[in-house]
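J.: The following file, protein_37.txt, comprises compact mmCIF, C-alpha atoms:
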```txt
# COMPACT_ATOMS: atom_id res chain seq x y z
CA MET A 1 35.73 7.35 1.70
CA ALA A 2 33.03 5.71 -0.41
CA HIS A 3 29.58 4.91 0.93
CA HIS A 4 28.87 1.53 2.50
CA ALA A 5 28.29 -1.15 -0.11
CA HIS A 6 24.67 -1.37 1.00
CA ARG A 7 24.10 2.22 -0.03
CA GLN A 8 25.93 1.68 -3.29
CA ILE A 9 23.77 -1.35 -4.02
CA ARG A 10 20.55 0.41 -3.05
CA GLU A 11 21.34 3.42 -5.22
CA ALA A 12 22.32 1.16 -8.10
CA GLY A 13 19.00 -0.63 -7.73
CA VAL A 14 17.12 2.66 -7.87
CA ALA A 15 19.04 3.73 -10.97
CA GLN A 16 18.54 0.44 -12.77
CA LEU A 17 14.82 0.39 -11.98
CA THR A 18 14.15 4.01 -12.99
CA GLY A 19 12.32 4.37 -16.28
CA LEU A 20 10.34 1.13 -16.32
CA THR A 21 7.06 1.28 -18.23
CA THR A 22 4.62 1.29 -15.31
CA SER A 23 6.57 2.98 -12.52
CA LYS A 24 8.62 5.37 -14.70
CA SER A 25 10.60 7.74 -12.42
CA ARG A 26 8.58 6.84 -9.33
CA VAL A 27 11.30 4.82 -7.63
CA PHE A 28 12.00 5.58 -3.97
CA PRO A 29 14.95 4.38 -1.87
CA ASN A 30 13.03 4.41 1.40
CA ARG A 31 10.10 2.75 3.10
CA LEU A 32 9.29 5.27 5.83
CA HIS A 33 7.41 8.07 4.10
CA PRO A 34 3.91 7.42 2.78
CA LEU A 35 3.55 7.43 -0.99
CA ASP A 36 0.98 9.96 -2.19
CA ASP A 37 -1.05 9.63 -5.38
CA ASP A 38 1.63 11.36 -7.46
CA SER A 39 4.07 8.65 -6.40
CA LEU A 40 1.93 5.75 -7.58
CA PRO A 41 2.26 3.26 -9.10
CA GLY A 42 5.76 3.26 -7.74
CA LEU A 43 8.62 1.18 -6.44
CA ARG A 44 10.22 1.21 -3.01
CA VAL A 45 13.79 -0.10 -2.95
CA PHE A 46 15.59 -0.96 0.27
CA MET A 47 17.95 -3.45 1.84
CA ASP A 48 16.84 -6.09 4.29
CA THR A 49 18.83 -8.80 6.05
CA GLU A 50 22.32 -9.91 5.07
CA ASP A 51 24.14 -13.21 5.49
CA VAL A 52 27.91 -13.24 5.67
CA VAL A 53 30.29 -16.13 5.13
CA ALA A 54 33.91 -15.70 6.06
CA SER A 55 36.08 -16.92 3.25
CA GLY A 56 38.80 -18.11 5.56
CA SER A 57 41.26 -15.78 3.90
CA GLY A 58 41.95 -12.89 6.26
CA GLN A 59 39.02 -10.53 6.41
CA LEU A 60 37.56 -11.45 3.04
CA GLN A 61 33.84 -12.05 3.31
CA GLU A 62 31.17 -13.31 0.97
CA ARG A 63 28.14 -11.13 1.61
CA LYS A 64 24.58 -11.86 0.57
CA PRO A 65 22.21 -9.02 1.39
CA ALA A 66 18.57 -9.08 0.43
CA LEU A 67 17.43 -6.30 -1.86
CA ILE A 68 13.69 -5.67 -1.52
CA VAL A 69 11.69 -4.07 -4.31
CA GLU A 70 8.11 -3.27 -3.36
CA CYS A 71 5.73 -2.73 -6.25
CA CYS A 72 3.11 -0.32 -4.85
CA ALA A 73 -0.19 0.61 -6.47
CA LYS A 74 -3.75 1.66 -5.80
CA ALA A 75 -6.58 0.58 -8.07
CA THR A 76 -10.25 -0.23 -7.80
CA THR A 77 -10.43 -3.08 -10.30
CA THR A 78 -7.04 -3.99 -11.75
CA LEU A 79 -4.81 -3.98 -8.68
CA ASP A 80 -3.36 -7.47 -9.03
CA ASP A 81 -2.86 -7.04 -12.76
CA THR A 82 -0.98 -3.79 -12.20
CA LEU A 83 1.23 -5.32 -9.52
CA ASP A 84 1.99 -8.35 -11.66
CA GLU A 85 2.96 -6.16 -14.59
CA MET A 86 5.25 -4.11 -12.36
CA SER A 87 6.81 -7.31 -11.09
CA ASN A 88 7.31 -8.47 -14.67
CA GLU A 89 9.21 -5.27 -15.48
CA VAL A 90 11.34 -5.33 -12.32
CA GLU A 91 12.37 -8.96 -12.64
CA LYS A 92 13.43 -8.44 -16.23
CA ALA A 93 15.38 -5.29 -15.35
CA LEU A 94 17.38 -7.15 -12.69
CA ALA A 95 17.65 -10.51 -14.43
CA ASN A 96 21.22 -9.95 -15.65
CA GLY A 97 22.53 -8.60 -12.36
CA LEU A 98 23.01 -5.21 -10.79
CA LYS A 99 25.63 -2.71 -11.97
CA VAL A 100 27.24 -1.15 -8.92
CA GLY A 101 29.88 1.32 -10.02
CA THR A 102 32.20 -0.71 -12.21
CA HIS A 103 31.07 -4.05 -10.75
CA TRP A 104 28.31 -6.36 -11.88
CA VAL A 105 26.93 -8.21 -8.84
CA ASN A 106 24.73 -11.26 -8.90
CA CYS A 107 21.09 -10.44 -8.30
CA GLU A 108 18.92 -13.51 -8.01
CA TYR A 109 15.14 -13.42 -7.65
CA ALA A 110 14.33 -15.16 -4.35
CA GLY A 111 10.55 -14.90 -4.02
CA MET A 112 7.62 -12.58 -3.51
CA GLN A 113 4.80 -11.77 -1.09
CA TYR A 114 1.48 -10.05 -1.74
CA ASP A 115 -0.19 -7.69 0.69
CA ASP A 116 -3.27 -5.54 0.22
CA ALA A 117 -5.63 -3.32 2.19
CA MET A 118 -9.06 -1.87 1.70
CA ALA A 119 -9.50 1.90 1.61
CA ALA A 120 -11.20 4.47 -0.62
CA ILE A 121 -8.99 3.04 -3.37
CA PRO A 122 -7.65 -0.42 -2.47
CA ALA A 123 -3.89 -0.45 -2.05
CA GLY A 124 -1.59 -3.33 -2.80
CA VAL A 125 2.07 -4.21 -2.49
CA LYS A 126 3.91 -7.01 -4.25
CA ARG A 127 7.16 -7.42 -2.35
CA LEU A 128 9.96 -8.91 -4.43
CA ARG A 129 13.06 -10.26 -2.77
CA PHE A 130 16.40 -10.46 -4.55
CA THR A 131 19.57 -11.99 -3.16
CA ILE A 132 22.66 -9.95 -3.95
CA GLN A 133 26.08 -11.56 -3.80
CA TYR A 134 29.35 -9.68 -3.49
CA PHE A 135 32.69 -9.84 -1.70
CA ALA A 136 34.24 -7.29 0.62
CA GLN A 137 36.88 -7.07 3.30
CA GLY A 138 35.52 -6.88 6.84
CA ASN A 139 37.58 -3.74 7.41
CA ALA A 140 36.43 -2.12 4.16
CA PRO A 141 32.67 -2.56 3.78
CA ASP A 142 32.59 0.26 1.28
CA VAL A 143 34.75 -1.53 -1.30
CA LEU A 144 33.16 -4.22 -3.45
CA ILE A 145 35.60 -6.83 -4.63
CA MET B 1 -40.34 -2.30 32.36
CA ASN B 2 -39.78 -0.26 29.21
CA ASP B 3 -38.56 -2.03 26.08
CA PHE B 4 -34.92 -0.92 25.79
CA SER B 5 -34.88 -1.61 22.06
CA ALA B 6 -37.59 1.01 21.61
CA LEU B 7 -35.40 3.45 23.50
CA GLU B 8 -32.46 2.55 21.24
CA SER B 9 -34.56 3.33 18.18
CA ARG B 10 -35.60 6.70 19.56
CA VAL B 11 -32.00 7.55 20.48
CA ASN B 12 -30.72 6.55 17.03
CA ALA B 13 -33.33 8.63 15.25
CA THR B 14 -32.75 11.63 17.53
CA CYS B 15 -28.98 11.47 17.13
CA LEU B 16 -29.23 11.36 13.37
CA ALA B 17 -31.65 14.26 13.39
CA HIS B 18 -29.03 16.35 15.17
CA VAL B 19 -25.66 15.16 13.84
CA ALA B 20 -26.37 13.84 10.36
CA ASN B 21 -24.11 15.71 7.94
CA CYS B 22 -25.15 14.27 4.59
CA THR B 23 -27.89 12.70 2.54
CA ALA B 24 -27.38 9.51 0.63
CA THR B 25 -29.09 7.03 -1.65
CA LEU B 26 -28.57 3.29 -1.93
CA ASN B 27 -28.89 1.69 -5.35
CA GLY B 28 -30.79 4.71 -6.59
CA GLY B 29 -33.51 4.39 -3.95
CA ALA B 30 -35.02 6.92 -1.59
CA SER B 31 -32.75 9.50 0.00
CA PHE B 32 -31.87 9.10 3.69
CA ARG B 33 -29.73 10.95 6.19
CA GLY B 34 -26.41 9.76 7.54
CA ILE B 35 -23.05 10.65 9.05
CA PHE B 36 -20.25 10.70 6.48
CA ASP B 37 -16.55 10.82 7.17
CA ALA B 38 -13.37 10.04 5.25
CA GLU B 39 -10.56 9.53 7.69
CA TYR B 40 -6.97 9.78 6.41
CA VAL B 41 -5.27 6.38 6.50
CA GLU B 42 -1.93 4.97 5.32
CA PRO B 43 -2.43 1.33 4.43
CA LEU B 44 0.85 -0.29 3.39
CA GLY B 45 2.59 3.08 3.47
CA MET B 46 0.40 4.78 0.86
CA SER B 47 -1.68 7.91 1.47
CA ASN B 48 -5.35 7.12 1.28
CA SER B 49 -8.69 7.77 2.93
CA GLN B 50 -11.35 5.51 4.38
CA PRO B 51 -14.80 6.92 3.55
CA SER B 52 -17.71 5.58 5.55
CA LEU B 53 -21.39 6.31 6.02
CA GLU B 54 -23.19 5.66 9.30
CA CYS B 55 -26.98 5.51 9.16
CA LEU B 56 -30.06 3.69 10.36
CA SER B 57 -29.85 -0.01 9.59
CA SER B 58 -33.40 0.15 8.28
CA ASP B 59 -32.31 2.60 5.56
CA VAL B 60 -29.62 0.25 4.23
CA SER B 61 -31.15 -3.17 4.88
CA THR B 62 -30.42 -4.25 1.28
CA ALA B 63 -26.83 -3.00 1.21
CA LYS B 64 -24.14 -5.50 0.31
CA HIS B 65 -20.67 -5.53 -1.19
CA GLY B 66 -20.82 -3.70 -4.51
CA SER B 67 -24.02 -1.75 -3.83
CA ALA B 68 -24.04 1.76 -5.30
CA VAL B 69 -24.10 4.65 -2.85
CA VAL B 70 -24.32 8.35 -3.70
CA VAL B 71 -23.40 10.69 -0.86
CA THR B 72 -24.23 14.39 -0.95
CA TYR B 73 -21.90 16.03 1.57
CA ARG B 74 -21.52 19.80 1.75
CA SER B 75 -23.45 20.09 -1.52
CA ILE B 76 -20.98 17.83 -3.32
CA GLU B 77 -22.30 14.58 -4.73
CA THR B 78 -19.88 11.66 -4.78
CA ARG B 79 -20.41 8.11 -5.97
CA TYR B 80 -19.11 5.09 -4.08
CA THR B 81 -19.61 1.38 -3.93
CA VAL B 82 -20.06 -0.52 -0.69
CA ALA B 83 -16.91 -2.36 0.34
CA SER B 84 -18.35 -3.81 3.53
CA VAL B 85 -21.44 -3.55 5.74
CA LYS B 86 -20.96 -3.20 9.49
CA PRO B 87 -24.17 -3.26 11.57
CA ASP B 88 -23.64 -2.52 15.25
CA GLY B 89 -26.60 -4.64 16.37
CA THR B 90 -28.46 -1.71 17.95
CA GLY B 91 -30.06 -0.22 14.86
CA MET B 92 -27.15 1.62 13.27
CA THR B 93 -24.99 0.43 10.38
CA ARG B 94 -21.69 1.72 9.06
CA LEU B 95 -21.07 1.24 5.35
CA MET B 96 -17.39 1.18 4.44
CA LEU B 97 -17.12 2.81 1.05
CA GLN B 98 -14.82 2.53 -1.93
CA SER B 99 -14.34 5.15 -4.62
CA VAL B 100 -15.54 4.35 -8.14
```
Show me the file's structure as structure tokens.
T.:
Amino acid sequence: MAHHAHRQIREAGVAQLTGLTTSKSRVFPNRLHPLDDDSLPGLRVFMDTEDVVASGSGQLQERKPALIVECCAKATTTLDDTLDEMSNEVEKALANGLKVGTHWVNCEYAGMQYDDAMAAIPAGVKRLRFTIQYFAQGNAPDVLI
Amino acid sequence: MNDFSALESRVNATCLAHVANCTATLNGGASFRGIFDAEYVEPLGMSNSQPSLECLSSDVSTAKHGSAVVVTYRSIETRYTVASVKPDGTGMTRLMLQSV
């Protein structure tokens, strides 16, 4: 049995975003563990909400999960510039869709949100939201159609 | 009745005399004593620290965002800039510090 489509999409996102100029191999498919200095600047990739539309044909569903890519960095003077450059690289890497196994799924940029916090070295996150679109049967969420 | 503010000043000075753990300078001025700490924090899910210096308000009356602070803690000298100034209204001020 294959993994749930969400995992397939998340892992595909990590693979497609690995090797970008600023974040390089620092791409993490989780949001629970704190990123230490060796992990920055880095990307956190995870799924968020999903909307589902029944197609009216048996169990076929149109699914639209949100893929979140958080550009994370710490900097004393160039924080926003670094985050914007990371965003530039991520958006370009996903502009033509996401390759999940043998499927290309739509991956549309849906917006962003900034967040920052003061500390010894100010930390910032630019949260990018992408809407993924794929089809699956309700009784086979691990098979992208 | 005794002036309570005078008592506050004596208490502040006595406390610093006993628990100060560092010396510091502000904008290259005269050295003064203070209490330094750098608590571990995780803002936005990233490992970090929050250095701060607590001292007599009179020693840092000219401190503002961007002021240069040099802290000598356990014989190690470290440079910071002031991120924010937090007076407590009773004669003590905490400077929140940022690494340079």
J.: Given the point (8.8, 7.7, -7.0) in the coordinates of this file, which residues lie within 9 Å, counting only C-alpha atoms, and how would they look as a list in words?
T.: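 The residues near that point, listed by chain and number, are Thr18, Ser23, Lys24, Ser25, Arg26, Val27, Phe28, Pro29, Leu35, Asp38, Ser39, Leu40, Pro41, Gly42, Leu43 and Arg44 of chain A.
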J.: At a cut-off of 10 Å, using all atoms listed in the file, what residues contact region 7-23 of chain B? Leave out same-chain residues fewer than 4 positions from it and give the result as number ranges by chain.
T.: B: 2-3, 31-37, 53-57, 70-77, 90-92
J.: Considering only C-alpha atoms, return as an NGL selection string whatever protein or nucleic-acid residues lie within 12 Å of Ala54 (chain A), sequence-local ones (same chain, fewer than 3 positions apart) excluded.
T.: :A and (51 or 57-64 or 135-138)
J.: Starting from chain B, keep only residues with some atom at most 9 Å from an atom of chain A, counting all atoms listed in the file, and report them as a PyMOL selection string.
T.: chain B and resi 38+41-51+80+83+96-100
J.: Please work out which residues fall within 10 Å of (14.8, -7.1, 7.4), coordinates as given in the file, with only C-alpha atoms counting, and return them as a list in words.
T.: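 The requested residues, written out, are Phe46, Met47, Asp48, Thr49, Glu50, Pro65, Ala66, Leu67 and Ile68 of chain A.
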J.: Could you state the separation of CA of Leu144 (chain A) and CA of Val52 (chain A) in Å, given to one decimal place?
T.: 13.9 Å
J.: Kindly give the distance, in Å, that separates CA of Thr81 (chain B) and CA of Asp80 (chain A), rounded to a single decimal.
T.: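 Going from CA of Thr81 (chain B) over to CA of Asp80 (chain A), I get 19.2 Å.
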J.: In Å to one decimal, how far is CA of Gln8 (chain A) from CA of Asp84 (chain A)?
T.: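 About the pair CA of Asp84 (chain A) and CA of Gln8 (chain A): they are 27.3 Å apart.
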J.: Considering all atoms listed in the file, return as a list of chain:residue names whatever protein or nucleic-acid residues lie within 12 Å of Arg7 (chain A), sequence-local ones (same chain, fewer than 2 positions apart) excluded.
T.: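 So, after excluding close chain neighbours, the residues are A:Ala2, A:His3, A:His4, A:Ala5, A:Ile9, A:Arg10, A:Glu11, A:Ala12, A:Gly13, A:Val14, A:Pro29, A:Asn30, A:Val45, A:Phe46, A:Met47, A:Asp48, A:Pro65, A:Leu67, A:Val100, A:Gly101, A:Pro141, A:Asp142, A:Val143, A:Leu144.
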